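**Q** Have a peek at final.cif (mmCIF, C-alpha atoms and all ligand atoms).
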```cif
data_entry
loop_
_atom_site.label_atom_id
_atom_site.label_comp_id
_atom_site.auth_asym_id
_atom_site.auth_seq_id
_atom_site.Cartn_x
_atom_site.Cartn_y
_atom_site.Cartn_z
CA MET A 88 117.95 102.17 122.09
CA ILE A 89 118.99 100.21 119.00
CA ARG A 90 122.03 101.70 117.25
CA VAL A 91 121.10 102.24 113.60
CA GLY A 92 123.08 103.18 110.48
CA LEU A 93 121.36 104.42 107.31
CA ALA A 94 122.71 104.03 103.77
CA GLY A 95 121.11 106.18 101.07
CA LEU A 96 120.12 109.81 101.59
CA GLY A 97 118.45 110.49 98.23
CA TYR A 98 114.71 111.02 97.81
CA TRP A 99 113.46 108.41 100.30
CA GLY A 100 116.32 108.02 102.80
CA PRO A 101 115.63 111.35 104.62
CA ASN A 102 112.16 110.05 105.62
CA LEU A 103 113.82 107.02 107.20
CA ALA A 104 116.47 109.23 108.85
CA ARG A 105 113.76 111.37 110.47
CA ASN A 106 111.95 108.34 111.87
CA PHE A 107 115.00 106.42 113.04
CA ASP A 108 116.41 109.57 114.64
CA ASP A 109 113.17 109.90 116.62
CA LEU A 110 112.77 106.23 117.51
CA SER A 111 116.31 104.92 117.89
CA ASP A 112 119.94 105.93 118.11
CA LEU A 113 120.85 107.00 114.54
CA VAL A 114 124.64 106.78 114.65
CA TRP A 115 125.75 106.48 110.99
CA LEU A 116 124.72 108.18 107.74
CA CYS A 117 126.20 106.77 104.55
CA ASP A 118 125.94 108.04 100.97
CA LEU A 119 128.22 108.33 97.96
CA SER A 120 127.42 112.07 97.71
CA THR A 121 129.52 114.36 99.92
CA ASP A 122 126.90 117.12 99.50
CA LEU A 123 124.19 114.90 100.98
CA LEU A 124 126.49 113.77 103.79
CA GLU A 125 127.23 117.42 104.67
CA ARG A 126 123.57 118.42 104.55
CA PHE A 127 122.24 115.52 106.64
CA GLY A 128 125.30 115.41 108.89
CA ALA A 129 124.40 118.96 109.93
CA ARG A 130 120.79 117.96 110.55
CA TYR A 131 121.74 114.88 112.64
CA PRO A 132 124.92 115.91 114.52
CA ASN A 133 124.95 112.73 116.63
CA ALA A 134 125.44 110.60 113.51
CA ARG A 135 128.83 110.07 111.90
CA THR A 136 128.95 110.42 108.11
CA THR A 137 130.77 108.30 105.57
CA ALA A 138 130.84 107.35 101.89
CA ARG A 139 132.22 103.89 102.84
CA PHE A 140 129.50 101.33 103.59
CA GLU A 141 132.30 99.23 105.15
CA ASP A 142 132.51 101.75 108.03
CA LEU A 143 129.03 100.64 109.10
CA LEU A 144 129.93 96.96 108.75
CA GLU A 145 133.12 97.39 110.78
CA ASP A 146 131.44 99.25 113.67
CA GLU A 147 130.89 96.42 116.15
CA SER A 148 128.56 98.51 118.29
CA LEU A 149 126.20 99.08 115.36
CA GLN A 150 123.18 96.76 115.63
CA ALA A 151 121.09 97.56 112.57
CA ILE A 152 121.50 98.86 109.03
CA VAL A 153 118.80 100.52 106.94
CA VAL A 154 119.33 100.31 103.17
CA ALA A 155 117.66 103.05 101.08
CA THR A 156 119.98 103.00 98.09
CA PRO A 157 118.96 102.25 94.46
CA VAL A 158 117.30 98.89 93.94
CA THR A 159 120.26 97.41 92.03
CA THR A 160 122.39 97.64 95.21
CA HIS A 161 119.87 96.19 97.70
CA PHE A 162 120.90 92.55 97.55
CA ASP A 163 124.61 93.20 97.81
CA LEU A 164 124.38 95.72 100.67
CA ALA A 165 121.79 93.67 102.60
CA ARG A 166 123.90 90.53 102.20
CA GLN A 167 127.03 92.27 103.48
CA ALA A 168 125.12 93.74 106.43
CA LEU A 169 123.63 90.36 107.44
CA ALA A 170 127.02 88.67 107.07
CA ALA A 171 128.46 91.33 109.40
CA GLY A 172 125.82 90.42 112.02
CA LYS A 173 123.55 93.48 111.60
CA HIS A 174 119.74 93.47 111.54
CA VAL A 175 118.61 94.77 108.14
CA PHE A 176 115.75 96.97 106.98
CA VAL A 177 116.03 97.04 103.20
CA GLU A 178 113.84 99.12 100.93
CA LYS A 179 111.58 97.21 98.58
CA PRO A 180 112.27 95.00 96.74
CA PRO A 181 115.04 93.35 98.78
CA ALA A 182 116.54 91.74 95.67
CA LEU A 183 116.03 91.52 91.92
CA SER A 184 115.65 87.73 91.74
CA ALA A 185 113.91 85.09 93.82
CA SER A 186 117.15 83.18 94.34
CA GLU A 187 118.86 86.29 95.77
CA ALA A 188 115.83 87.04 97.97
CA ASP A 189 115.89 83.44 99.26
CA GLU A 190 119.62 83.76 99.93
CA LEU A 191 118.97 86.82 102.13
CA VAL A 192 116.22 84.99 104.03
CA ALA A 193 118.53 82.00 104.60
CA LEU A 194 121.33 84.29 105.79
CA ALA A 195 119.02 86.10 108.23
CA GLU A 196 117.74 82.77 109.56
CA GLU A 197 121.23 81.34 109.92
CA HIS A 198 122.50 84.37 111.88
CA ASP A 199 119.22 84.87 113.79
CA LEU A 200 118.84 88.40 112.43
CA VAL A 201 115.91 90.53 111.31
CA LEU A 202 115.47 91.07 107.57
CA LEU A 203 112.62 93.48 106.98
CA PRO A 204 111.83 94.36 103.34
CA GLY A 205 110.29 97.85 103.23
CA HIS A 206 106.75 97.06 102.11
CA LEU A 207 105.36 100.33 103.40
CA LEU A 208 101.71 99.78 102.48
CA LEU A 209 101.48 96.74 104.75
CA TYR A 210 101.70 99.25 107.62
CA HIS A 211 98.99 101.52 106.23
CA PRO A 212 96.01 101.55 108.64
CA ALA A 213 93.68 101.52 105.60
CA VAL A 214 95.23 98.24 104.38
CA ALA A 215 94.70 96.81 107.88
CA LYS A 216 91.03 97.87 107.56
CA MET A 217 90.71 96.24 104.11
CA LYS A 218 92.21 93.04 105.54
CA ALA A 219 89.76 93.12 108.46
CA LEU A 220 86.81 93.64 106.07
CA ILE A 221 87.91 90.59 104.05
CA ASP A 222 88.82 88.33 106.99
CA SER A 223 85.61 89.10 108.92
CA GLY A 224 83.54 87.97 105.93
CA GLU A 225 81.80 91.36 105.64
CA LEU A 226 82.55 91.52 101.90
CA GLY A 227 81.47 87.89 101.37
CA ASP A 228 83.52 85.66 99.06
CA ILE A 229 86.19 87.71 97.31
CA ARG A 230 85.69 87.57 93.55
CA TYR A 231 88.37 89.88 92.25
CA LEU A 232 90.49 92.88 93.14
CA TYR A 233 92.52 95.40 91.20
CA GLY A 234 95.11 98.06 91.88
CA ASN A 235 95.67 101.37 90.09
CA ARG A 236 99.07 102.97 90.63
CA GLN A 237 99.47 105.68 88.02
CA ASN A 238 101.03 109.13 87.88
CA LEU A 239 103.15 111.34 85.65
CA GLY A 240 106.62 110.45 87.05
CA GLN A 241 108.75 109.50 88.90
CA ILE A 242 110.48 108.08 85.81
CA ARG A 243 113.15 105.51 86.69
CA ILE A 244 115.79 103.91 84.50
CA ASP A 245 117.17 101.25 86.87
CA GLU A 246 113.80 99.45 87.25
CA ASN A 247 110.55 99.32 85.27
CA ALA A 248 107.05 100.23 86.43
CA LEU A 249 106.42 96.60 87.45
CA TRP A 250 109.30 96.52 89.95
CA SER A 251 109.09 100.16 91.03
CA LEU A 252 105.29 100.54 91.38
CA GLY A 253 103.91 97.00 91.18
CA VAL A 254 105.89 95.90 94.21
CA HIS A 255 103.53 98.00 96.39
CA ASP A 256 100.24 96.65 95.02
CA LEU A 257 101.55 93.13 94.81
CA SER A 258 102.60 93.11 98.47
CA VAL A 259 99.10 94.32 99.40
CA ILE A 260 97.29 91.82 97.13
CA LEU A 261 99.31 88.89 98.53
CA HIS A 262 98.73 90.12 102.08
CA LEU A 263 94.97 90.60 101.59
CA LEU A 264 94.45 87.20 99.98
CA GLY A 265 97.02 85.20 101.98
CA GLU A 266 97.83 82.98 99.00
CA GLU A 267 100.27 82.86 96.09
CA PRO A 268 99.11 83.05 92.46
CA ILE A 269 99.04 79.95 90.28
CA GLU A 270 98.96 81.91 87.04
CA VAL A 271 100.42 85.31 86.16
CA TRP A 272 100.40 87.40 83.00
CA ALA A 273 101.95 90.79 82.26
CA ARG A 274 102.26 93.10 79.26
CA GLY A 275 103.94 96.47 79.10
CA GLU A 276 105.50 99.08 76.87
CA SER A 277 108.68 101.18 77.02
CA PHE A 278 108.10 104.63 75.56
CA ILE A 279 110.80 106.71 77.28
CA HIS A 280 113.82 104.44 77.85
CA LYS A 281 114.22 101.40 75.64
CA GLY A 282 113.78 98.20 77.66
CA VAL A 283 112.31 99.94 80.75
CA GLU A 284 108.51 99.56 80.73
CA ASP A 285 106.71 102.78 81.71
CA VAL A 286 103.28 101.15 81.67
CA VAL A 287 102.51 97.58 82.73
CA PHE A 288 99.25 95.64 82.96
CA CYS A 289 99.24 92.47 85.08
CA TYR A 290 96.73 89.68 85.67
CA LEU A 291 97.03 87.11 88.46
CA ARG A 292 94.90 84.07 89.27
CA PHE A 293 94.92 82.47 92.74
CA PRO A 294 94.16 78.90 93.91
CA SER A 295 90.88 80.08 95.51
CA GLY A 296 89.69 81.32 92.10
CA VAL A 297 90.18 84.99 93.01
CA VAL A 298 91.76 87.05 90.25
CA ALA A 299 93.71 90.30 90.53
CA HIS A 300 94.74 93.00 88.10
CA MET A 301 97.31 95.81 88.37
CA HIS A 302 97.60 98.89 86.16
CA LEU A 303 101.01 100.44 86.74
CA SER A 304 102.33 103.54 85.01
CA TRP A 305 104.47 106.63 85.47
CA LEU A 306 103.17 107.98 82.14
CA ASP A 307 99.59 108.86 82.97
CA PRO A 308 97.54 112.05 83.44
CA HIS A 309 95.95 110.76 86.66
CA LYS A 310 97.58 110.33 90.03
CA MET A 311 95.93 107.17 91.31
CA ARG A 312 96.77 105.05 94.35
CA LYS A 313 93.74 102.81 94.57
CA MET A 314 92.80 99.22 95.38
CA THR A 315 89.28 97.93 94.73
CA VAL A 316 88.01 94.66 96.18
CA VAL A 317 84.80 93.10 94.88
CA GLY A 318 83.13 90.56 97.13
CA SER A 319 79.92 88.58 96.79
CA LYS A 320 78.22 90.68 99.51
CA LYS A 321 79.95 94.07 99.45
CA MET A 322 82.72 95.97 97.69
CA ALA A 323 85.47 98.09 99.26
CA VAL A 324 87.87 100.69 97.90
CA PHE A 325 91.12 101.92 99.44
CA ASP A 326 91.97 105.29 97.89
CA ASP A 327 95.23 106.71 99.21
CA MET A 328 94.68 110.01 97.38
CA GLU A 329 91.71 110.76 99.63
CA LEU A 330 92.41 112.58 102.90
CA GLU A 331 89.37 111.57 104.89
CA ARG A 332 87.85 108.72 102.86
CA LYS A 333 90.75 106.30 102.70
CA VAL A 334 88.38 103.31 102.71
CA THR A 335 84.82 103.26 101.37
CA VAL A 336 82.54 100.26 101.73
CA TYR A 337 79.74 99.82 99.20
CA ASP A 338 76.82 97.59 100.11
CA LYS A 339 76.41 96.73 96.45
CA GLY A 340 76.22 93.43 94.70
CA THR A 341 74.07 91.02 92.78
CA GLU A 342 71.40 88.68 94.02
CA GLN A 343 69.22 85.89 92.69
CA ARG A 344 65.60 86.20 93.73
CA ALA A 345 63.88 82.92 94.51
CA GLU A 346 60.61 83.99 92.81
CA SER A 347 62.38 85.09 89.60
CA TYR A 348 63.26 81.66 88.18
CA GLY A 349 67.03 82.13 88.68
CA GLU A 350 67.25 85.65 87.28
CA TRP A 351 70.04 87.87 88.70
CA ARG A 352 69.57 91.51 89.58
CA THR A 353 71.82 94.19 91.01
CA ARG A 354 71.40 95.50 94.52
CA THR A 355 72.57 98.86 95.89
CA GLY A 356 72.51 99.70 99.58
CA ASP A 357 74.35 102.02 101.94
CA ILE A 358 77.81 103.39 101.36
CA TYR A 359 79.91 103.98 104.49
CA ILE A 360 83.32 105.35 105.38
CA PRO A 361 84.99 103.59 108.33
CA LYS A 362 87.24 105.65 110.57
CA ILE A 363 90.90 104.97 109.82
CA PRO A 364 93.61 105.95 112.33
CA ASN A 365 95.86 108.73 111.06
CA ASP A 366 99.15 106.95 111.92
CA GLU A 367 102.08 107.46 109.56
CA PRO A 368 102.74 104.07 107.89
CA LEU A 369 106.50 104.69 107.77
CA ARG A 370 106.51 105.39 111.51
CA LEU A 371 104.73 102.07 112.16
CA GLU A 372 107.12 100.25 109.81
CA CYS A 373 110.24 101.67 111.53
CA ARG A 374 108.75 100.83 114.95
CA HIS A 375 108.06 97.27 113.80
CA PHE A 376 111.65 96.88 112.62
CA LEU A 377 113.05 98.16 115.92
CA SER A 378 110.79 95.92 117.99
CA LEU A 379 111.80 92.87 115.94
CA ALA A 380 115.45 93.85 116.37
CA ALA A 381 114.82 94.12 120.11
CA GLY A 382 113.61 90.51 120.07
CA ASP A 383 109.82 91.08 120.10
CA GLY A 384 107.67 89.22 117.61
CA ASP A 385 108.15 86.77 114.79
CA GLN A 386 111.41 87.65 113.11
CA MET A 387 111.16 85.56 109.95
CA THR A 388 107.60 86.12 108.65
CA ALA A 389 108.24 89.51 107.03
CA ALA A 390 111.50 88.26 105.48
CA ARG A 391 109.75 85.25 103.91
CA GLU A 392 106.80 87.36 102.69
CA GLY A 393 109.28 89.75 101.08
CA ALA A 394 110.87 86.86 99.21
CA VAL A 395 107.44 85.74 97.94
CA VAL A 396 106.82 89.24 96.54
CA VAL A 397 110.15 89.03 94.66
CA ARG A 398 109.27 85.55 93.35
CA VAL A 399 105.94 86.75 91.92
CA LEU A 400 107.60 89.88 90.47
CA GLU A 401 110.11 87.61 88.77
CA GLN A 402 107.28 85.48 87.32
CA LEU A 403 105.48 88.60 86.08
CA GLN A 404 108.74 89.87 84.57
CA ALA A 405 109.19 86.53 82.75
CA SER A 406 105.67 86.90 81.35
CA LEU A 407 106.44 90.49 80.32
CA GLU A 408 109.42 89.31 78.32
CA ARG A 409 107.54 86.53 76.53
CA ALA A 410 106.29 87.18 73.00
CA PRO A 411 102.55 87.93 72.93
CA VAL A 412 100.22 85.59 71.05
N1 LIG B 501 108.70 102.66 100.43
C1 LIG B 501 108.45 103.63 99.59
O1 LIG B 501 107.34 104.12 99.48
C2 LIG B 501 109.57 104.17 98.75
C3 LIG B 501 109.43 105.40 98.09
C4 LIG B 501 110.50 105.85 97.32
C5 LIG B 501 111.64 105.10 97.21
N2 LIG B 501 111.73 103.91 97.86
C6 LIG B 501 112.91 103.06 97.73
O2 LIG B 501 114.02 103.70 98.34
C7 LIG B 501 115.21 103.37 97.64
C8 LIG B 501 115.93 104.65 97.25
O3 LIG B 501 115.10 105.35 96.34
P1 LIG B 501 115.31 106.91 96.11
O4 LIG B 501 114.18 107.35 95.27
O5 LIG B 501 115.59 107.59 97.41
O6 LIG B 501 116.65 106.89 95.23
P2 LIG B 501 117.72 108.05 95.04
O7 LIG B 501 118.45 107.73 93.82
O8 LIG B 501 117.04 109.38 95.16
O9 LIG B 501 118.69 107.92 96.30
C9 LIG B 501 119.56 106.84 96.47
C10 LIG B 501 120.79 107.34 97.24
O10 LIG B 501 121.62 106.23 97.51
C11 LIG B 501 122.99 106.64 97.36
N3 LIG B 501 123.81 105.45 97.10
C12 LIG B 501 123.91 104.72 95.96
N4 LIG B 501 124.74 103.68 96.14
C13 LIG B 501 125.16 103.73 97.42
C14 LIG B 501 126.03 102.92 98.21
N5 LIG B 501 126.62 101.85 97.70
N6 LIG B 501 126.25 103.29 99.49
C15 LIG B 501 125.66 104.38 100.02
N7 LIG B 501 124.82 105.19 99.31
C16 LIG B 501 124.58 104.86 98.04
C17 LIG B 501 122.95 107.63 96.20
O11 LIG B 501 124.08 108.49 96.24
C18 LIG B 501 121.64 108.36 96.46
O12 LIG B 501 121.82 109.51 97.25
C19 LIG B 501 114.77 102.56 96.42
O13 LIG B 501 114.94 101.21 96.72
C20 LIG B 501 113.31 102.84 96.28
O14 LIG B 501 112.61 101.74 95.75
C21 LIG B 501 110.73 103.45 98.64
#
```
What would the structure in this file look like if it were written as structure tokens?
Ligand SMILES: NC(=O)c1ccc[n+]([C@@H]2O[C@H](COP(=O)([O-])OP(=O)(O)OC[C@H]3O[C@@H](n4cnc5c(N)ncnc54)[C@H](O)[C@@H]3O)[C@@H](O)[C@H]2O)c1

**A**
Amino acid sequence: MIRVGLAGLGYWGPNLARNFDDLSDLVWLCDLSTDLLERFGARYPNARTTARFEDLLEDESLQAIVVATPVTTHFDLARQALAAGKHVFVEKPPALSASEADELVALAEEHDLVLLPGHLLLYHPAVAKMKALIDSGELGDIRYLYGNRQNLGQIRIDENALWSLGVHDLSVILHLLGEEPIEVWARGESFIHKGVEDVVFCYLRFPSGVVAHMHLSWLDPHKMRKMTVVGSKKMAVFDDMELERKVTVYDKGTEQRAESYGEWRTRTGDIYIPKIPNDEPLRLECRHFLSLAAGDGDQMTAAREGAVVVRVLEQLQASLERAPV
């Protein structure tokens, strides 16, 4: 059993505590709030509680640290944990700049440690299905894809909608396409807190010619968690708000009939719903981290992919800050 310490017991940390308590030896809980330490200390009596992150670093028997603190602290805490020789699971994004993300990857590589950025959706069985549909060629050539991540709330002030929400769709888009964009564009508006965009629209173009769009907002009447992929043969939609229809495949497209002198027409065929396993993505993510920490699998891939996500976020942020024409 890997000995794990968790920092951050706010909104998201308790989900990680539950999983790591089930799957590993959860021996430390760390938060700045004494109320949270009391509450979760009572729930996990085998774990020691502390407000000092250093206690985790100084415990030589501790093998891994999970960081679920606010995004502005990720780089610093992850860096300290790696430097202290601990495997690190850090919530997304692992850092707020590409150079910091690269520094974490280099540190993990140098010390032969796991650095897993918490890109939860990459563990979603529906994303695995979308990837299989693309890679098998069932959808044909991918033409474009777009993500909708909208809701009313959760309003954040330490990161904008691009970094808070876009990080999810971006990690999925990069994973599905397996390439990095050559052109990015973003526009957004801050309505609630000056300088923190509540709504962001992004456009990305890839070397293969595929283009992607993201609509990100915490100021919207709809709760949407959707990714649509349009291929030359079929189209597929991953809708995380659906309970039973997570992925829908549409045999729809366009075709050029030989006898019609090059004229295009639309074609609509069957619509089907593949079976998607009901596994909890966070469970799979925590399991993956523990197996990497135990020495199984490729340790560096996830760390490098996490750094690419940060690099593209940084490019989109630079576009967001540029004056529109
Ligand atoms: N993967 C997902 O789907 C998902 C969902 C929600 C949040 N998150 C991520 O989880 C992280 C935490 O988000 P949240 O919504 O739980 O935030 P939160 O503000 O509710 O909780 C953060 C907690 O960290 C504690 N904290 C702050 N600095 C600390 C430090 N130096 N040492 C120890 N504890 C410290 C705070 O006291 C607070 O209790 C963020 O990075 C967020 O992006 C991920």

**Q** Tell me, as a list in words, which residues lie within 8 Å of Arg230 in chain A, counting all atoms listed in the file; anything in the same chain fewer than 4 positions away does not count.

**A**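 The contact residues come out as Gly296, Val297, Val298, Val316, Val317, Gly318 and Ser319 of chain A.
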
**Q** If we count all atoms listed in the file, what is near Ala185 in chain A at a cut-off of 9 Å, once residues fewer than 2 positions away on the same chain are taken out, given as a compact mmCIF listing (two decimals) with C-alpha atoms, in the frame of the given file?

**A**
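In the end it all went to selection12.txt:
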```txt
# COMPACT_ATOMS: atom_id res chain seq x y z
CA ALA A 182 116.54 91.74 95.67
CA LEU A 183 116.03 91.52 91.92
CA GLU A 187 118.86 86.29 95.77
CA ALA A 188 115.83 87.04 97.97
CA ASP A 189 115.89 83.44 99.26
CA GLU A 190 119.62 83.76 99.93
CA ALA A 394 110.87 86.86 99.21
CA VAL A 395 107.44 85.74 97.94
CA VAL A 396 106.82 89.24 96.54
CA VAL A 397 110.15 89.03 94.66
CA ARG A 398 109.27 85.55 93.35
CA VAL A 399 105.94 86.75 91.92
CA LEU A 400 107.60 89.88 90.47
CA GLU A 401 110.11 87.61 88.77
```

**Q** Write out, as a tab-separated table, each residue of chain A that has an atom at most 9 Å from ligand LIG 501 (chain B), together with the closest pair of atoms and their distance in Å to one decimal, counting all atoms listed in the file, rows going by chain and rising number.

**A**
```
residue	atom	partner	partner_atom	distance
A:Leu93	CA	B:LIG501	C15	8.5
A:Ala94	CA	B:LIG501	C15	4.8
A:Gly95	CA	B:LIG501	O10	3.6
A:Leu96	CA	B:LIG501	O12	4.7
A:Gly97	CA	B:LIG501	O9	3.2
A:Tyr98	CA	B:LIG501	O5	3.6
A:Trp99	CA	B:LIG501	O5	3.7
A:Gly100	CA	B:LIG501	O5	5.5
A:Pro101	CA	B:LIG501	O5	8.1
A:Leu116	CA	B:LIG501	C15	8.7
A:Cys117	CA	B:LIG501	C15	5.2
A:Asp118	CA	B:LIG501	N7	3.5
A:Leu119	CA	B:LIG501	O11	4.5
A:Ser120	CA	B:LIG501	O11	5.1
A:Thr121	CA	B:LIG501	O11	8.8
A:Leu123	CA	B:LIG501	O12	7.0
A:Thr137	CA	B:LIG501	C15	8.5
A:Ala138	CA	B:LIG501	C15	6.3
A:Arg139	CA	B:LIG501	N6	6.9
A:Phe140	CA	B:LIG501	N6	5.6
A:Val154	CA	B:LIG501	C7	7.5
A:Ala155	CA	B:LIG501	C7	4.2
A:Thr156	CA	B:LIG501	O10	3.7
A:Pro157	CA	B:LIG501	C19	4.6
A:Val158	CA	B:LIG501	O13	4.3
A:Thr159	CA	B:LIG501	O13	8.0
A:Thr160	CA	B:LIG501	N5	6.5
A:His161	CA	B:LIG501	O13	7.1
A:Asp163	CA	B:LIG501	N5	8.9
A:Leu164	CA	B:LIG501	N5	7.2
A:Val177	CA	B:LIG501	O13	7.8
A:Glu178	CA	B:LIG501	O13	4.8
A:Lys179	CA	B:LIG501	O14	5.4
A:Pro180	CA	B:LIG501	O13	6.8
A:Pro181	CA	B:LIG501	O13	8.1
A:Gly205	CA	B:LIG501	N1	5.8
A:His206	CA	B:LIG501	N1	6.2
A:Leu207	CA	B:LIG501	N1	5.0
A:Leu208	CA	B:LIG501	O1	7.7
A:Gln241	CA	B:LIG501	O4	8.6
A:Arg243	CA	B:LIG501	O4	8.8
A:Glu246	CA	B:LIG501	O14	8.9
A:Trp250	CA	B:LIG501	O14	8.5
A:Ser251	CA	B:LIG501	O14	6.1
A:Leu252	CA	B:LIG501	O14	8.6
A:His255	CA	B:LIG501	O1	7.8
A:Leu369	CA	B:LIG501	N1	7.9
```

**Q** Looking at A:Phe325, A:Gln402, A:Ile279, A:Lys216, which one is nearest to Ser184 in chain A, with distances taken over only C-alpha atoms?

**A**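 Of all the options, A:Gln402 lies closest to Ser184 in chain A.
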
**Q** Counting only C-alpha atoms, which residue out of A:Leu407, A:Lys320, A:Thr335, A:Asn102 sits closest to Gly282 in chain A?

**A**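 Smallest separation from Gly282 in chain A among the options: A:Leu407.
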
**Q** Would you work out the distance separating CA of Arg292 in chain A from CA of Asp245 in chain A, expressed in Å to one decimal?

**A**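 One can read the CA of Arg292 in chain A to CA of Asp245 in chain A distance as 28.2 Å.
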
**Q** Between CA of Arg90 in chain A and CA of Pro212 in chain A, measure the distance and give it in Å to one decimal.

**A**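 So the answer is 27.4 Å.
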
**Q** List the spatial neighbours of Phe288 in chain A as a list in words - criterion: any atom at most 6 Å away, all atoms listed in the file, same-chain residues fewer than 6 positions off excluded.

**A**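 Counting all atoms listed in the file, the residues come to Ala273, Arg274, Met301 and His302 of chain A.
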
**Q** Enumerate, as a count of residues only, the protein, DNA and RNA residues whose atoms approach (79.8, 101.0, 102.2) to within 6 Å, taking into account all atoms listed in the file and the coordinate frame of the file.

**A** 7
